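Novice: Have a look at the structure that comes next, please.
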Amino acid sequence: ISLLFGLRYEKFETKIIENSKQGGNDDIDHRRLAEKSTQKDGIPNDIFLYEVRQVTTEASKQIPMDLRKYLRVNTDFPDIFPFKQNKTRTINICEHDHDAVRALLVEHGTDAADWIRDYFVNSSSVNLASPESFYGFLDDWKL
């Protein structure tokens, strides 16, 4: 099970300093920034969420566009081309010898997928890369 996410870092002190240089009121700015940092579901910064396997499929073509939107930039990002990982040290988790580990992984994967789908991604702070593809891979966590 693999899931990566990134946080767009916003340093509030920097915003206060910049605003102060422009003649802003520090007390009001601190209060407004504190309110902003706790507004969205208790998550102070937006999150860009993707499942690692998305970069190995056609969904990889959508990720740069979704990332641009998340970062709020107009600059084009280079395409991410699908690739295949070369895994030299692997096991076949479906072999009978790994039944106990596989059962535990499936249980945790199912719980995690349900929580991500039912709660985490419903936050206004969470931005999904290629949602249809993301949910497809998330469903695989339950297998």
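How things are named: the first chain in the structure tokens is A, the next is B, and so on; residues count from 1 in each chain; ligands count from 1 in the order shown.
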When DSSP works through the backbone of this structure, what residues of region 44-123 of chain A end up as strand (DSSP E), shown as an MDAnalysis selection string?

Specialist: chainID A and resid 47:50

Novice: Restrict the selected residues to N, CA, C and O atoms and save them as a PDB file, in the first residue's frame.

Specialist:
```pdb
ATOM      1  N   ILE A  47      -3.725  20.002   0.912  1.00  0.00           N
ATOM      2  CA  ILE A  47      -2.987  18.770   0.658  1.00  0.00           C
ATOM      3  C   ILE A  47      -3.257  18.320  -0.771  1.00  0.00           C
ATOM      4  O   ILE A  47      -4.388  18.357  -1.237  1.00  0.00           O
ATOM      5  N   PHE A  48      -2.212  17.925  -1.473  1.00  0.00           N
ATOM      6  CA  PHE A  48      -2.332  17.350  -2.801  1.00  0.00           C
ATOM      7  C   PHE A  48      -2.092  15.854  -2.648  1.00  0.00           C
ATOM      8  O   PHE A  48      -1.036  15.428  -2.204  1.00  0.00           O
ATOM      9  N   LEU A  49      -3.083  15.054  -3.005  1.00  0.00           N
ATOM     10  CA  LEU A  49      -3.058  13.632  -2.708  1.00  0.00           C
ATOM     11  C   LEU A  49      -3.089  12.810  -3.993  1.00  0.00           C
ATOM     12  O   LEU A  49      -3.890  13.073  -4.879  1.00  0.00           O
ATOM     13  N   TYR A  50      -2.193  11.855  -4.082  1.00  0.00           N
ATOM     14  CA  TYR A  50      -2.208  10.928  -5.210  1.00  0.00           C
ATOM     15  C   TYR A  50      -1.716   9.568  -4.747  1.00  0.00           C
ATOM     16  O   TYR A  50      -1.025   9.454  -3.743  1.00  0.00           O
TER      17      TYR A  50
END
```

Novice: Compile the contact shell of region 129-133 of chain A as a ChimeraX atom specification: residues with an atom at most 7 Å away, counting only C-alpha atoms, same-chain residues fewer than 6 positions apart removed.

Specialist: /A:49-50,54,59,62-63,66

Novice: Please compute the CA of Asp140 (chain A)-CA of Val106 (chain A) distance, one decimal, in Å.

Specialist: 9.6 Å

Novice: Do a neighbour search on Gly109 (chain A) at 9 Å with only C-alpha atoms, toss out local chain neighbours closer than 6 positions, and write the hits as a short mmCIF file (atom, residue, chain, number, x, y, z; two decimals) with C-alpha atoms, in the first residue's frame.

Specialist:
```
data_model
loop_
_atom_site.label_atom_id
_atom_site.label_comp_id
_atom_site.auth_asym_id
_atom_site.auth_seq_id
_atom_site.Cartn_x
_atom_site.Cartn_y
_atom_site.Cartn_z
CA ILE A 1 0.00 0.00 0.00
CA LEU A 138 -7.92 3.10 -3.63
CA ASP A 140 -7.49 -2.03 -4.90
CA TRP A 141 -6.43 -1.56 -1.28
CA LYS A 142 -9.40 -3.72 -0.28
CA LEU A 143 -8.34 -6.74 -2.35
#
```

Novice: Tell me which of A:His96, A:Phe83, A:Asp139, A:Lys61 sits closest to Thr110 (chain A), counting only C-alpha atoms.

Specialist: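 Going through A:His96, A:Phe83, A:Asp139, A:Lys61 one by one, the smallest distance to Thr110 (chain A) is for A:Asp139.
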
Novice: Excluding Phe77 (chain A) and its own-chain neighbours fewer than 3 positions away, which residues fall within 8 Å of it when counting only C-alpha atoms? Please give them as a PyMOL selection string.

Specialist: chain A and resi 64-65+68

Novice: From the list A:Cys94, A:Leu104, A:Val126, A:Val52, which residue is nearest Pro82 (chain A) when using only C-alpha atoms?

Specialist: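 Between A:Cys94, A:Leu104, A:Val126, A:Val52, the residue approaching Pro82 (chain A) most closely is A:Val52.
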